[in-house]
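Next comes run-v7.tsv, with TSV, C-alpha atoms.
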chain	number	residue	atom	x	y	z
L	140	MET	CA	7.93	25.71	401.29
L	141	THR	CA	5.21	24.21	403.50
L	142	ASN	CA	5.91	22.46	406.81
L	143	ASN	CA	5.47	19.11	405.01
L	144	SER	CA	8.14	20.20	402.54
L	145	ALA	CA	10.41	21.20	405.40
L	146	ALA	CA	9.90	17.80	407.01
L	147	LYS	CA	10.68	16.13	403.71
L	148	ALA	CA	13.85	18.19	403.39
L	149	ALA	CA	14.85	17.26	406.94
L	150	ALA	CA	14.21	13.60	406.16
L	151	ILE	CA	16.35	13.78	403.05
L	152	VAL	CA	19.16	15.32	405.04
L	153	SER	CA	18.96	12.78	407.88
L	154	ASP	CA	18.59	9.76	405.58
L	155	THR	CA	21.63	10.58	403.49
L	156	PRO	CA	24.84	10.08	405.53
L	157	ILE	CA	27.01	12.27	403.31
L	158	HIS	CA	24.84	15.29	404.10
L	159	ALA	CA	25.48	15.14	407.85
L	160	ALA	CA	23.12	18.10	407.85
L	161	ALA	CA	21.91	20.35	410.59
L	162	VAL	CA	18.48	21.71	409.68
L	163	SER	CA	17.67	25.20	410.96
L	164	PRO	CA	14.16	26.56	410.44
L	165	LEU	CA	14.30	30.24	409.48
L	166	ALA	CA	10.54	30.86	409.45
L	167	THR	CA	7.92	29.73	411.94
L	168	ASN	CA	4.79	31.44	410.67
L	169	HIS	CA	2.56	28.82	409.00
L	170	ASP	CA	1.56	31.35	406.33
L	171	THR	CA	5.18	31.98	405.39
L	172	PRO	CA	7.15	29.54	403.20
L	173	LEU	CA	9.66	27.73	405.40
L	174	GLU	CA	13.32	27.97	404.43
L	175	VAL	CA	16.01	25.80	405.98
L	176	VAL	CA	19.79	25.85	406.03
L	177	CYS	CA	21.51	22.49	405.59
L	178	LEU	CA	24.90	21.00	404.80
L	179	LEU	CA	24.88	19.24	401.44
L	180	ASP	CA	27.27	17.27	399.33
L	181	PRO	CA	28.13	19.71	396.50
L	182	CYS	CA	28.06	16.80	394.04
L	183	LEU	CA	24.29	16.52	394.59
L	184	ILE	CA	23.71	20.11	393.41
L	185	ASP	CA	23.21	20.76	389.71
L	186	PRO	CA	25.10	24.00	388.86
L	187	GLY	CA	22.83	24.37	385.83
L	188	SER	CA	23.48	25.64	382.33
L	189	THR	CA	21.49	28.88	382.50
L	190	PRO	CA	23.49	32.13	382.23
L	191	ASN	CA	25.57	33.00	385.27
L	192	ARG	CA	28.95	34.63	385.70
L	193	THR	CA	31.66	34.41	383.04
L	194	PRO	CA	33.98	31.37	383.10
L	195	ASP	CA	36.98	33.55	383.97
L	196	SER	CA	35.18	34.55	387.19
L	197	PHE	CA	36.14	31.10	388.48
L	198	ASP	CA	39.84	31.67	387.78
L	199	ASP	CA	40.67	35.18	388.96
L	200	GLU	CA	42.18	36.72	392.09
L	201	ALA	CA	38.80	37.21	393.75
L	202	MET	CA	37.97	33.54	393.26
L	203	ALA	CA	41.35	32.49	394.63
L	204	ALA	CA	40.80	34.58	397.76
L	205	LEU	CA	37.29	33.16	398.23
L	206	SER	CA	38.50	29.60	397.76
L	207	LEU	CA	41.30	30.05	400.29
L	208	SER	CA	38.89	31.56	402.84
L	209	ILE	CA	36.46	28.66	402.45
L	210	PHE	CA	39.31	26.16	402.78
L	211	LEU	CA	40.67	27.76	405.96
L	212	LYS	CA	37.21	27.96	407.54
L	213	ARG	CA	36.38	24.43	406.45
L	214	GLY	CA	33.32	25.52	404.57
L	215	ASN	CA	31.33	28.50	403.33
L	216	GLN	CA	29.93	30.79	406.02
L	217	GLU	CA	27.40	32.46	403.71
L	218	PRO	CA	24.90	29.85	402.45
L	219	ILE	CA	24.35	29.31	398.78
L	220	HIS	CA	20.73	29.15	397.54
L	221	VAL	CA	19.27	25.91	396.15
L	222	ARG	CA	15.89	24.36	395.40
L	223	SER	CA	14.82	20.72	395.52
L	224	LEU	CA	14.26	18.90	392.26
L	225	ALA	CA	10.86	17.27	391.91
L	226	GLU	CA	12.62	14.26	390.44
L	227	PRO	CA	16.37	13.60	390.79
L	228	ARG	CA	18.24	13.70	387.46
L	229	ASP	CA	21.76	12.68	386.51
L	230	GLY	CA	22.55	12.07	390.18
L	231	TYR	CA	21.45	15.57	391.23
L	232	GLN	CA	18.84	16.15	393.95
L	233	TYR	CA	19.03	19.95	394.04
L	234	ALA	CA	19.38	22.79	391.56
L	235	LEU	CA	21.60	25.78	392.22
L	236	ILE	CA	19.92	29.17	392.40
L	237	SER	CA	22.89	31.35	393.35
L	238	GLY	CA	26.36	30.93	394.81
L	239	ALA	CA	28.15	29.18	391.95
L	240	ARG	CA	31.63	30.22	393.07
L	241	ARG	CA	31.06	29.12	396.67
L	242	LEU	CA	29.74	25.80	395.40
L	243	HIS	CA	32.77	25.45	393.13
L	244	ALA	CA	35.19	26.12	396.00
L	245	CYS	CA	33.52	23.60	398.31
L	246	LYS	CA	33.55	20.97	395.57
L	247	GLN	CA	37.22	21.74	394.87
L	248	HIS	CA	38.20	21.22	398.53
L	249	LYS	CA	35.80	18.26	399.02
L	250	LEU	CA	33.85	20.13	401.70
L	251	LEU	CA	30.15	20.04	402.50
L	252	VAL	CA	28.42	23.21	401.35
L	253	ARG	CA	26.09	25.23	403.54
L	254	ALA	CA	22.91	25.80	401.52
L	255	LEU	CA	19.65	27.65	402.00
L	256	LEU	CA	16.88	25.39	400.69
L	257	MET	CA	14.18	27.54	399.07
L	258	ASP	CA	10.69	26.68	397.87
L	259	VAL	CA	10.58	28.55	394.55
L	260	THR	CA	9.67	27.72	390.97
L	261	PRO	CA	12.40	27.48	388.31
L	262	GLU	CA	11.26	30.87	386.93
L	263	GLN	CA	11.38	32.50	390.36
L	264	SER	CA	14.83	31.06	390.93
L	265	LEU	CA	16.10	33.02	387.91
L	266	LEU	CA	15.02	36.28	389.53
L	267	GLU	CA	16.47	35.18	392.85
L	268	ARG	CA	19.82	34.46	391.17
L	269	LEU	CA	19.81	37.81	389.38
L	270	VAL	CA	19.17	39.80	392.55
L	271	GLU	CA	21.50	37.83	394.82
L	272	ASN	CA	24.39	37.82	392.34
L	273	HIS	CA	24.13	41.51	391.49
L	274	ASN	CA	23.78	42.61	395.12
L	275	ARG	CA	26.72	40.49	396.26
L	276	GLU	CA	29.07	41.64	393.49
L	277	PRO	CA	27.64	43.71	390.60
L	278	LEU	CA	27.43	41.75	387.39
L	279	SER	CA	29.29	43.01	384.35
L	280	PRO	CA	27.07	44.38	381.53
L	281	TRP	CA	27.55	41.17	379.51
L	282	GLU	CA	26.77	38.90	382.49
L	283	LEU	CA	23.74	40.99	383.40
L	284	GLY	CA	22.52	41.08	379.81
L	285	LYS	CA	22.75	37.31	379.44
L	286	GLN	CA	20.73	36.72	382.60
L	287	LEU	CA	18.13	39.35	381.66
L	288	ALA	CA	17.75	37.91	378.14
L	289	HIS	CA	17.23	34.43	379.57
L	290	ILE	CA	14.60	35.72	382.00
L	291	LYS	CA	12.75	37.60	379.24
L	292	ALA	CA	12.72	34.47	377.10
L	293	GLN	CA	10.72	32.50	379.68
L	294	PRO	CA	7.06	32.23	378.59
L	295	ASP	CA	5.73	32.80	382.12
L	296	MET	CA	7.95	35.84	382.81
L	297	ASN	CA	6.13	38.93	381.60
L	298	LEU	CA	8.34	41.66	383.02
L	299	SER	CA	9.07	45.04	381.45
L	300	MET	CA	12.57	46.49	381.27
L	301	ARG	CA	11.56	48.95	383.98
L	302	ASN	CA	10.51	46.10	386.27
L	303	LEU	CA	13.68	44.14	385.58
L	304	GLY	CA	15.80	47.19	386.28
L	305	ALA	CA	13.95	47.91	389.50
L	306	LEU	CA	14.89	44.48	390.82
L	307	ILE	CA	18.57	45.43	390.89
L	308	GLY	CA	18.34	49.20	391.09
L	309	ILE	CA	19.12	50.34	387.53
L	310	ASP	CA	16.97	52.21	385.01
L	311	ALA	CA	15.41	50.80	381.85
L	312	SER	CA	18.06	52.34	379.57
L	313	MET	CA	20.79	50.38	381.34
L	314	VAL	CA	18.73	47.21	380.96
L	315	GLN	CA	18.50	47.82	377.20
L	316	LYS	CA	22.25	48.42	376.91
L	317	ALA	CA	22.96	45.19	378.80
L	318	LEU	CA	20.61	43.30	376.47
L	319	ASP	CA	22.33	44.86	373.41
L	320	ILE	CA	25.73	43.73	374.70
L	321	ALA	CA	24.41	40.22	375.40
L	322	ALA	CA	23.09	40.08	371.82
L	323	LEU	CA	26.51	40.75	370.27
L	324	PRO	CA	27.84	37.97	368.01
L	325	ASN	CA	30.16	35.55	369.82
L	326	GLU	CA	32.99	36.53	367.47
L	327	VAL	CA	32.79	40.15	368.63
L	328	VAL	CA	32.64	39.20	372.31
L	329	GLN	CA	35.66	36.91	371.91
L	330	ALA	CA	37.70	39.77	370.41
L	331	PHE	CA	37.86	41.21	373.94
L	332	THR	CA	40.15	39.70	376.56
L	333	SER	CA	37.05	39.05	378.68
L	334	PRO	CA	33.34	39.73	378.12
L	335	LYS	CA	33.51	41.70	381.36
L	336	ASP	CA	35.66	44.31	379.54
L	337	ILE	CA	32.67	45.47	377.47
L	338	ARG	CA	31.16	48.56	379.11
L	339	TYR	CA	27.65	49.96	378.97
L	340	ALA	CA	29.08	52.93	377.04
L	341	ASP	CA	30.31	50.56	374.31
L	342	ALA	CA	26.86	49.11	373.53
L	343	LYS	CA	25.77	51.74	370.99
L	344	LYS	CA	29.14	51.98	369.26
L	345	LEU	CA	29.35	48.21	368.73
L	346	LYS	CA	25.74	48.08	367.57
L	347	ASP	CA	26.36	50.90	365.06
L	348	LEU	CA	29.55	49.27	363.74
L	349	LEU	CA	27.71	45.99	363.16
L	350	GLY	CA	24.95	47.89	361.40
L	351	ALA	CA	27.46	49.61	359.12
L	352	SER	CA	29.34	46.44	358.12
L	353	ARG	CA	28.59	43.27	360.05
L	354	ASP	CA	30.85	41.06	357.91
L	355	LYS	CA	33.81	43.42	358.28
L	356	VAL	CA	33.38	43.66	362.08
L	357	ILE	CA	33.15	39.89	362.50
L	358	ALA	CA	36.16	39.28	360.23
L	359	LYS	CA	38.25	41.79	362.19
L	360	SER	CA	37.03	40.32	365.49
L	361	LEU	CA	38.33	36.92	364.47
L	362	GLU	CA	41.74	38.50	363.82
L	363	LEU	CA	41.76	40.13	367.28
L	364	LYS	CA	40.70	37.00	369.17
L	365	GLY	CA	43.31	35.84	371.66
L	366	GLN	CA	45.54	38.92	371.34
L	367	GLY	CA	44.71	40.14	374.86
L	368	LEU	CA	44.13	43.73	373.74
L	369	ALA	CA	42.63	46.41	375.94
L	370	ALA	CA	38.95	47.10	375.28
L	371	LYS	CA	39.73	50.58	373.93
L	372	GLN	CA	42.12	49.13	371.35
L	373	VAL	CA	39.59	46.51	370.25
L	374	LEU	CA	36.98	49.21	369.65
L	375	GLU	CA	39.44	51.36	367.71
L	376	ASP	CA	40.49	48.45	365.49
L	377	LEU	CA	36.89	47.50	364.74
L	378	ALA	CA	36.07	51.12	363.88
L	379	LYS	CA	39.06	51.33	361.52
L	380	ALA	CA	37.94	48.15	359.79
L	381	VAL	CA	34.53	49.66	359.09
L	382	GLN	CA	36.07	52.94	357.89
L	383	THR	CA	38.32	51.01	355.50
L	384	GLU	CA	35.23	49.26	354.18
L	385	GLY	CA	33.57	52.63	353.57
L	386	VAL	CA	36.59	54.05	351.71
L	387	SER	CA	36.97	50.91	349.59
L	388	ALA	CA	33.30	50.86	348.68
L	389	ALA	CA	33.33	54.54	347.75
L	390	GLY	CA	36.44	54.13	345.60
L	391	LYS	CA	35.08	51.11	343.73
L	392	ASN	CA	31.50	52.37	343.47
L	393	SER	CA	30.26	49.15	345.11
L	394	GLU	CA	26.58	48.35	344.93
L	395	ALA	CA	26.30	48.78	348.69
L	396	THR	CA	27.00	52.52	348.52
L	397	VAL	CA	26.56	53.69	344.92
L	398	GLU	CA	23.46	53.02	342.88
L	399	PRO	CA	24.27	51.47	339.49
L	400	PHE	CA	23.13	53.48	336.47
L	401	ASN	CA	22.08	52.10	333.09
L	402	THR	CA	21.65	55.51	331.47
L	403	PRO	CA	23.39	58.84	332.09
L	404	ARG	CA	21.59	61.36	334.28
L	405	GLN	CA	21.74	65.10	334.48
L	406	ALA	CA	20.64	67.61	337.12
L	407	LEU	CA	20.76	71.40	336.88
L	408	LEU	CA	22.13	73.55	339.69
L	409	LYS	CA	20.04	76.68	340.26
L	410	VAL	CA	20.32	79.70	342.50
L	411	GLN	CA	17.13	81.78	342.80
L	412	GLY	CA	15.91	80.33	339.52
L	413	ASP	CA	19.10	81.02	337.55
L	414	VAL	CA	21.07	78.03	336.23
L	415	VAL	CA	24.64	78.15	337.57
L	416	GLY	CA	25.80	74.68	336.60
L	417	GLU	CA	24.94	71.01	336.15
L	418	ILE	CA	25.77	67.58	337.57
L	419	LYS	CA	26.12	64.72	335.09
L	420	THR	CA	26.18	61.02	336.02
L	421	ASP	CA	27.53	58.48	333.56
L	422	LYS	CA	26.68	54.76	333.30
L	423	SER	CA	29.30	53.77	335.89
L	424	GLY	CA	27.96	56.27	338.42
L	425	GLN	CA	30.84	58.76	338.04
L	426	LEU	CA	29.86	62.37	338.70
L	427	VAL	CA	30.93	65.38	336.67
L	428	VAL	CA	30.12	68.84	338.03
L	429	ALA	CA	30.25	71.82	335.65
L	430	LEU	CA	29.79	75.34	337.07
L	431	GLN	CA	29.03	78.47	335.08
L	432	ALA	CA	29.65	80.89	337.97
L	433	PRO	CA	32.98	82.77	337.82
L	434	MET	CA	35.08	82.34	341.00
L	435	SER	CA	38.24	83.80	342.44
L	436	VAL	CA	41.12	81.58	343.57
L	437	LEU	CA	39.99	81.80	347.19
L	438	GLN	CA	36.42	80.93	346.26
L	439	GLN	CA	37.61	77.88	344.30
L	440	GLN	CA	39.67	76.73	347.28
L	441	ALA	CA	36.68	77.16	349.60
L	442	LEU	CA	34.48	75.15	347.22
L	443	ALA	CA	37.07	72.38	347.00
L	444	GLN	CA	37.25	72.20	350.79
L	445	CYS	CA	33.45	71.95	351.06
L	446	VAL	CA	33.36	69.13	348.50
L	447	GLU	CA	36.15	67.25	350.30
L	448	GLN	CA	34.34	67.52	353.63
L	449	PHE	CA	31.05	66.37	352.06
L	450	ILE	CA	32.65	63.28	350.49
L	451	ALA	CA	34.55	62.42	353.67
L	452	ARG	CA	31.58	62.76	356.02
L	453	LYS	CA	28.59	61.82	353.86
L	454	VAL	CA	30.09	59.30	351.43
L	455	MET	CA	33.04	57.72	353.26
L	456	GLY	CA	31.73	58.25	356.78
L	457	ILE	CA	34.97	59.76	358.12
L	458	LYS	CA	35.99	63.16	359.31
L	459	PRO	CA	38.76	64.55	357.09
L	460	ALA	CA	41.87	66.06	358.61
L	461	LYS	CA	42.15	69.78	358.23
L	462	PRO	CA	44.65	70.45	355.42
L	463	GLU	CA	47.68	72.56	356.20
L	464	ALA	CA	48.04	75.67	354.06
L	465	SER	CA	51.13	75.70	351.83
L	466	SER	CA	53.45	78.70	351.55
L	467	VAL	CA	51.94	79.47	348.13
L	468	ASP	CA	48.41	79.42	349.59
L	469	VAL	CA	49.46	81.70	352.44
L	470	ALA	CA	51.09	84.13	350.04
L	471	THR	CA	48.01	84.14	347.79
L	472	GLN	CA	45.67	84.70	350.75
L	473	THR	CA	47.90	87.49	352.14
L	474	ALA	CA	47.97	89.27	348.76
L	475	SER	CA	44.21	88.92	348.40
L	476	VAL	CA	43.58	90.34	351.88
L	477	ALA	CA	45.90	93.25	351.18
L	478	ASN	CA	44.12	93.90	347.88
L	479	ASP	CA	40.72	93.80	349.61
L	480	LYS	CA	41.94	96.35	352.16
L	481	SER	CA	43.19	98.73	349.43
L	482	VAL	CA	39.86	98.50	347.62
L	483	LYS	CA	37.96	99.26	350.84
L	484	THR	CA	40.27	102.22	351.58
L	485	ALA	CA	39.75	103.68	348.11
L	486	ALA	CA	36.00	103.27	348.45
L	487	ASN	CA	35.97	105.01	351.83
L	488	ASP	CA	38.06	107.90	350.47
L	489	SER	CA	35.66	108.29	347.58
L	490	PHE	CA	32.67	108.25	349.94
L	491	GLY	CA	34.31	110.92	352.13
L	492	ASN	CA	34.85	113.27	349.14
L	493	GLU	CA	31.28	113.06	347.85
L	494	GLY	CA	30.39	116.35	349.56
L	495	ALA	CA	33.24	118.25	347.98
L	496	GLN	CA	32.55	116.81	344.55
L	497	ALA	CA	28.92	117.80	344.82
Please express the file's structure as structure tokens.
Amino acid sequence: MTNNSAAKAAAIVSDTPIHAAAVSPLATNHDTPLEVVCLLDPCLIDPGSTPNRTPDSFDDEAMAALSLSIFLKRGNQEPIHVRSLAEPRDGYQYALISGARRLHACKQHKLLVRALLMDVTPEQSLLERLVENHNREPLSPWELGKQLAHIKAQPDMNLSMRNLGALIGIDASMVQKALDIAALPNEVVQAFTSPKDIRYADAKKLKDLLGASRDKVIAKSLELKGQGLAAKQVLEDLAKAVQTEGVSAAGKNSEATVEPFNTPRQALLKVQGDVVGEIKTDKSGQLVVALQAPMSVLQQQALAQCVEQFIARKVMGIKPAKPEASSVDVATQTASVANDKSVKTAANDSFGNEGAQA
């Protein structure tokens, strides 16, 4: 702000009785933009519609404590940040940069608000809000992501994720996670008790679940909305919904997971060039595996376990529970082990007598 701008601000304050403002110059160097602190009617400050803190931030214990403090002290001690509007609109003469909760408290108690009048562009004010808000009380991942996304969307703001992170002291990977959380569908966000419950660590999991079955995740999110569940429970329920989708699709051979076949197909199974079996696929996509290799009971059980694990992990996308061995299985395995030991003992005895037989 130039000195002329400062004079204009002082004139505005003095000419408007409701301001009753004391103007304090904070910079005296002519080459430095002049900033002034003044008392303003909160009703003249446009809170704006750009992303800020979540609505529940204005109705929590921290807000109640702040509001009481401002009421007892008859005003905010720490100035909010505002900028002058080139042309007043809708009764507003200033636009809020940062300090929405302090502004809200002063308006609630019908108190003048102490404000730092800054000479910045609308784009610069977005960065100012981001830094001031995060340094005062760290923004939640969702709040941060919303503000970062809005800044990146401005045509004149050409900042990399590294630069944005540097402004508030986080690395580029955290910036990306915040942006991923901010990009979640509203239905998913509303499944949580508060958007602030979504952690940076949840970003990838939610993104993967939406990629696996977006419709199923959104449908389940609508069911969870308003239940007040803990974030961990919401994530578990969404994951179960996607797993159920995978099992259902695999069981019904849905087009999403199983390719439809018009003619049967056949593939040979070979080991070192020798055919040991074949896999046949009928018109409905059902598989039939025929093996020509002889197997013992234990080998058949091992093969069955491998097939089960493959279907669970690769087809259904779940990790199968380890089956408990039945008493019959244990008895069979015990007999087999004992038999193997007797065979090895006989072989060793034979090997030891080779000298005498020779």
What is the atom CA of L:Met257 to atom CA of L:Gly187 distance in Å? 16.1 Å
Just to confirm, what's the straight-line distance from atom CA of L:Lys316 to atom CA of L:Glu276 in Å (one decimal)? 19.2 Å
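Among the candidates L:Asp295, L:Phe197, L:Tyr231, L:Leu426, the residue lying nearest to L:Glu262 is L:Asp295 (atoms considered: all atoms listed in the file).
Between atom CA of L:Ala234 and atom CA of L:Ile209 there is a distance of 21.1 Å.
Taking only C-alpha atoms into account, the residues near (36.6, 36.4, 368.7), no farther than 9 Å, are Pro324, Asn325, Glu326, Val327, Val328, Gln329, Ala330, Phe331, Ile357, Ala358, Lys359, Ser360, Leu361, Glu362, Leu363, Lys364 and Gly365 of chain L.
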Across L:Arg240, L:Arg222, L:His289, L:Lys409, the smallest distance to L:Met202, with all atoms listed in the file counted, is shown by L:Arg240
Close residues, L:Leu348 itself excluded, 12 Å, all atoms listed in the file, min 6 positions apart in chain, as a short mmCIF file (atom, residue, chain, number, x, y, z; two decimals) with C-alpha atoms, keeping the file's coordinate frame:
data_model
loop_
_atom_site.label_atom_id
_atom_site.label_comp_id
_atom_site.auth_asym_id
_atom_site.auth_seq_id
_atom_site.Cartn_x
_atom_site.Cartn_y
_atom_site.Cartn_z
CA LEU L 323 26.51 40.75 370.27
CA VAL L 327 32.79 40.15 368.63
CA ASP L 341 30.31 50.56 374.31
CA ALA L 342 26.86 49.11 373.53
CA ASP L 354 30.85 41.06 357.91
CA LYS L 355 33.81 43.42 358.28
CA VAL L 356 33.38 43.66 362.08
CA ILE L 357 33.15 39.89 362.50
CA LYS L 359 38.25 41.79 362.19
CA SER L 360 37.03 40.32 365.49
CA LEU L 374 36.98 49.21 369.65
CA GLU L 375 39.44 51.36 367.71
CA ASP L 376 40.49 48.45 365.49
CA LEU L 377 36.89 47.50 364.74
CA ALA L 378 36.07 51.12 363.88
CA LYS L 379 39.06 51.33 361.52
CA ALA L 380 37.94 48.15 359.79
CA VAL L 381 34.53 49.66 359.09
CA GLN L 382 36.07 52.94 357.89
CA GLU L 384 35.23 49.26 354.18
CA GLY L 385 33.57 52.63 353.57
CA GLY L 456 31.73 58.25 356.78
#
Non-local contacts of L:Ser264 (12 Å; all atoms listed in the file; under 3 positions in same chain excluded) as an MDAnalysis selection string: chainID L and resid 187 189 220:223 234:237 256:261 267:272 286 290 296
Kindly save the residues from that selection, with C-alpha atoms included, as a PDB file, in the coordinates of the input.
ATOM      1  CA  GLY L 187      22.830  24.370 385.830  1.00  0.00           C
ATOM      2  CA  THR L 189      21.490  28.880 382.500  1.00  0.00           C
ATOM      3  CA  HIS L 220      20.730  29.150 397.540  1.00  0.00           C
ATOM      4  CA  VAL L 221      19.270  25.910 396.150  1.00  0.00           C
ATOM      5  CA  ARG L 222      15.890  24.360 395.400  1.00  0.00           C
ATOM      6  CA  SER L 223      14.820  20.720 395.520  1.00  0.00           C
ATOM      7  CA  ALA L 234      19.380  22.790 391.560  1.00  0.00           C
ATOM      8  CA  LEU L 235      21.600  25.780 392.220  1.00  0.00           C
ATOM      9  CA  ILE L 236      19.920  29.170 392.400  1.00  0.00           C
ATOM     10  CA  SER L 237      22.890  31.350 393.350  1.00  0.00           C
ATOM     11  CA  LEU L 256      16.880  25.390 400.690  1.00  0.00           C
ATOM     12  CA  MET L 257      14.180  27.540 399.070  1.00  0.00           C
ATOM     13  CA  ASP L 258      10.690  26.680 397.870  1.00  0.00           C
ATOM     14  CA  VAL L 259      10.580  28.550 394.550  1.00  0.00           C
ATOM     15  CA  THR L 260       9.670  27.720 390.970  1.00  0.00           C
ATOM     16  CA  PRO L 261      12.400  27.480 388.310  1.00  0.00           C
ATOM     17  CA  GLU L 267      16.470  35.180 392.850  1.00  0.00           C
ATOM     18  CA  ARG L 268      19.820  34.460 391.170  1.00  0.00           C
ATOM     19  CA  LEU L 269      19.810  37.810 389.380  1.00  0.00           C
ATOM     20  CA  VAL L 270      19.170  39.800 392.550  1.00  0.00           C
ATOM     21  CA  GLU L 271      21.500  37.830 394.820  1.00  0.00           C
ATOM     22  CA  ASN L 272      24.390  37.820 392.340  1.00  0.00           C
ATOM     23  CA  GLN L 286      20.730  36.720 382.600  1.00  0.00           C
ATOM     24  CA  ILE L 290      14.600  35.720 382.000  1.00  0.00           C
ATOM     25  CA  MET L 296       7.950  35.840 382.810  1.00  0.00           C
TER      26      MET L 296
END
Residue with smallest distance to L:Ala203 - pool L:Arg301, L:His243, L:Lys335, L:His273, counting all atoms listed in the file: L:His243
Taking (27.5, 68.3, 339.0) in the file's coordinates, which residues come within 7 Å, counting all atoms listed in the file, written as a CSV table (one decimal) with C-alpha atoms, keeping the file's coordinate frame?
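Wrote selection-v7.csv, looks like this:
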chain,number,residue,atom,x,y,z
L,417,GLU,CA,24.9,71.0,336.2
L,418,ILE,CA,25.8,67.6,337.6
L,419,LYS,CA,26.1,64.7,335.1
L,426,LEU,CA,29.9,62.4,338.7
L,427,VAL,CA,30.9,65.4,336.7
L,428,VAL,CA,30.1,68.8,338.0
L,429,ALA,CA,30.2,71.8,335.6
